[in-house]
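Peer 1: Structure provided below as structure tokens; questions to follow.
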Amino acid sequence: PRCSLSTDRAQPETFRARTLSASLTVKDLPASLAWYSDVLGFTVDQRHERGGALRAVSLKAGSVRILLGQDDGAKGTDRIKGEGFSLQFTTAQDIDEIARRIKASGGTLESEPEDTPWGARVFRLKDPDGFKLVISSER
């Protein structure tokens with residue numbers, strides 16, 4: 001059984017990922033870059049240009065990586081983004097202080113920090129394209 005408490009590993013070995021990075025297609029790359037940098041606190045890892053135009057930006061926050069890519073409009077410029085999922089960021093930092101900093105930087109929270117039944121403290125917000133983000137304490 002895969003759920004046993006045994007230290008034996010399943011054979012053949014199951015998939016074991018080490019990190020998860022997200023790639024988000026955004027409507028206005030400069031605006032999203034400013035939001036993720038100035039409001040959320042990510043730093044620029046790398047800028048990706050093509051033909052002299054900025055097409056994507058790799059961002060980092062600790063060990064988390066996000067790639068923001070400029071929407072080329074091929075699927076419609078007003079298509080809804082971020083439906084059906086959210087990205088959760090877990091941190092050892094003070095959740096209430098992060099929420100205060102985001103609001104002081106012009107961000108809007110979808111929900112104020114609150115304690116969950118499983119012991120984490122969380123709040124929710126959306127980026128400029130409507131991608132849903134959850135900021136959570138470690139338990």
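Just remember, in the structure tokens the first chain shown is A, the second B, etc., residues are 1-based per chain, and ligands are 1-based in the order shown.
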Compile the contact shell of Leu125 of chain A as a list of chain:residue names: residues with an atom at most 6 Å away, counting only C-alpha atoms, same-chain residues fewer than 6 positions apart removed.

Peer 2: A:Leu109, A:Glu110, A:Leu133

Peer 1: Pull N, CA, C and O atoms from the residues just selected and write them as a PDB file, in the first residue's frame.

Peer 2:
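The file below, part11.pdb, is the result:
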```pdb
ATOM      1  N   LEU A 109      -6.397  42.856  -0.522  1.00  0.00           N
ATOM      2  CA  LEU A 109      -6.585  41.476  -0.080  1.00  0.00           C
ATOM      3  C   LEU A 109      -8.005  41.026  -0.393  1.00  0.00           C
ATOM      4  O   LEU A 109      -8.952  41.794  -0.257  1.00  0.00           O
ATOM      5  N   GLU A 110      -8.139  39.775  -0.791  1.00  0.00           N
ATOM      6  CA  GLU A 110      -9.459  39.167  -0.956  1.00  0.00           C
ATOM      7  C   GLU A 110      -9.999  38.740   0.404  1.00  0.00           C
ATOM      8  O   GLU A 110     -11.202  38.710   0.617  1.00  0.00           O
ATOM      9  N   LEU A 133      -4.027  33.984  -5.354  1.00  0.00           N
ATOM     10  CA  LEU A 133      -2.851  33.672  -4.546  1.00  0.00           C
ATOM     11  C   LEU A 133      -3.260  33.508  -3.096  1.00  0.00           C
ATOM     12  O   LEU A 133      -4.104  34.243  -2.592  1.00  0.00           O
TER      13      LEU A 133
END
```

Peer 1: As an MDAnalysis selection string, please: every residue in chain A that a backbone DSSP assignment puts in helix (DSSP H, G or I).

Peer 2: chainID A and resid 29:40 95:104

Peer 1: Looking at only C-alpha atoms, which of A:Val44, A:Ala22, A:Ala104, A:Ile135 is the one that sits closest to Lys60 of chain A?

Peer 2: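 Closest to Lys60 of chain A of all the choices is A:Val44.
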
Peer 1: Need the shell around segment 90-100 of chain A: protein/DNA/RNA residues with any atom at most 7 Å away, counting only C-alpha atoms. Skip same-chain ones fewer than 3 positions apart. Format as a PyMOL selection string?

Peer 2: chain A and resi 103-104+113+121-122+135-138

Peer 1: Could you check which of A:Glu114, A:Gly106, A:Ser63, A:Pro30 is closest to Arg47 of chain A, using only C-alpha atoms?

Peer 2: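 The shortest atom-to-atom distance to Arg47 of chain A comes from A:Pro30.
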
Peer 1: Would you list, as an MDAnalysis selection string, the residues of chain A that end up in strand (DSSP E) under DSSP run on this structure's backbone?

Peer 2: chainID A and resid 22:26 43:50 53:61 64:70 86:91 109:115 121:126 132:137

Peer 1: Go ahead and save the residues from that selection, with C-alpha atoms, as an mmCIF file, in the first residue's frame.

Peer 2:
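Wrote it out as result26.cif, contents follow:
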```cif
data_model
loop_
_atom_site.group_PDB
_atom_site.id
_atom_site.type_symbol
_atom_site.label_atom_id
_atom_site.label_comp_id
_atom_site.auth_asym_id
_atom_site.auth_seq_id
_atom_site.Cartn_x
_atom_site.Cartn_y
_atom_site.Cartn_z
ATOM 1 C CA ALA A 22 4.589 28.532 -12.216
ATOM 2 C CA SER A 23 4.357 30.210 -15.600
ATOM 3 C CA LEU A 24 1.622 32.830 -15.859
ATOM 4 C CA THR A 25 0.501 34.494 -19.096
ATOM 5 C CA VAL A 26 -0.324 38.113 -18.305
ATOM 6 C CA THR A 43 12.806 40.051 -7.241
ATOM 7 C CA VAL A 44 13.749 39.829 -10.908
ATOM 8 C CA ASP A 45 15.894 36.806 -11.682
ATOM 9 C CA GLN A 46 16.082 37.217 -15.458
ATOM 10 C CA ARG A 47 14.505 39.260 -18.252
ATOM 11 C CA HIS A 48 13.685 37.499 -21.515
ATOM 12 C CA GLU A 49 13.674 39.634 -24.657
ATOM 13 C CA ARG A 50 12.904 38.775 -28.255
ATOM 14 C CA ALA A 53 10.965 43.575 -26.809
ATOM 15 C CA LEU A 54 10.490 42.270 -23.285
ATOM 16 C CA ARG A 55 8.489 39.016 -23.637
ATOM 17 C CA ALA A 56 8.857 37.413 -20.189
ATOM 18 C CA VAL A 57 10.405 37.913 -16.764
ATOM 19 C CA SER A 58 11.617 35.243 -14.359
ATOM 20 C CA LEU A 59 10.925 36.214 -10.743
ATOM 21 C CA LYS A 60 12.006 34.667 -7.455
ATOM 22 C CA ALA A 61 11.047 34.827 -3.797
ATOM 23 C CA VAL A 64 9.833 29.952 -5.357
ATOM 24 C CA ARG A 65 10.077 30.842 -9.049
ATOM 25 C CA ILE A 66 7.425 32.419 -11.293
ATOM 26 C CA LEU A 67 7.707 33.205 -14.984
ATOM 27 C CA LEU A 68 5.488 36.048 -16.203
ATOM 28 C CA GLY A 69 4.943 35.909 -19.957
ATOM 29 C CA GLN A 70 3.333 38.571 -22.126
ATOM 30 C CA SER A 86 -4.852 29.148 -6.916
ATOM 31 C CA LEU A 87 -1.184 29.330 -6.048
ATOM 32 C CA GLN A 88 -0.261 28.890 -2.393
ATOM 33 C CA PHE A 89 2.942 30.379 -1.044
ATOM 34 C CA THR A 90 4.089 29.083 2.340
ATOM 35 C CA THR A 91 6.449 31.191 4.428
ATOM 36 C CA LEU A 109 -6.585 41.476 -0.080
ATOM 37 C CA GLU A 110 -9.459 39.167 -0.956
ATOM 38 C CA SER A 111 -9.469 38.036 2.685
ATOM 39 C CA GLU A 112 -7.713 39.302 5.795
ATOM 40 C CA PRO A 113 -5.249 37.026 7.638
ATOM 41 C CA GLU A 114 -7.059 34.349 9.618
ATOM 42 C CA ASP A 115 -6.212 31.182 11.508
ATOM 43 C CA ARG A 121 -2.517 31.534 9.250
ATOM 44 C CA VAL A 122 -3.570 32.561 5.726
ATOM 45 C CA PHE A 123 -4.851 35.386 3.574
ATOM 46 C CA ARG A 124 -5.874 35.589 -0.065
ATOM 47 C CA LEU A 125 -5.397 38.087 -2.883
ATOM 48 C CA LYS A 126 -5.498 38.306 -6.682
ATOM 49 C CA LYS A 132 -5.653 33.739 -7.121
ATOM 50 C CA LEU A 133 -2.851 33.672 -4.546
ATOM 51 C CA VAL A 134 -2.870 32.299 -0.999
ATOM 52 C CA ILE A 135 -0.154 33.345 1.442
ATOM 53 C CA SER A 136 0.148 30.844 4.285
ATOM 54 C CA SER A 137 2.264 30.415 7.378
#
```

Peer 1: Distance atom CA of Arg139 of chain A-atom CA of Thr108 of chain A, one decimal place?

Peer 2: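 Taking atom CA of Arg139 of chain A as the start and atom CA of Thr108 of chain A as the end point, the length is 24.4 Å.
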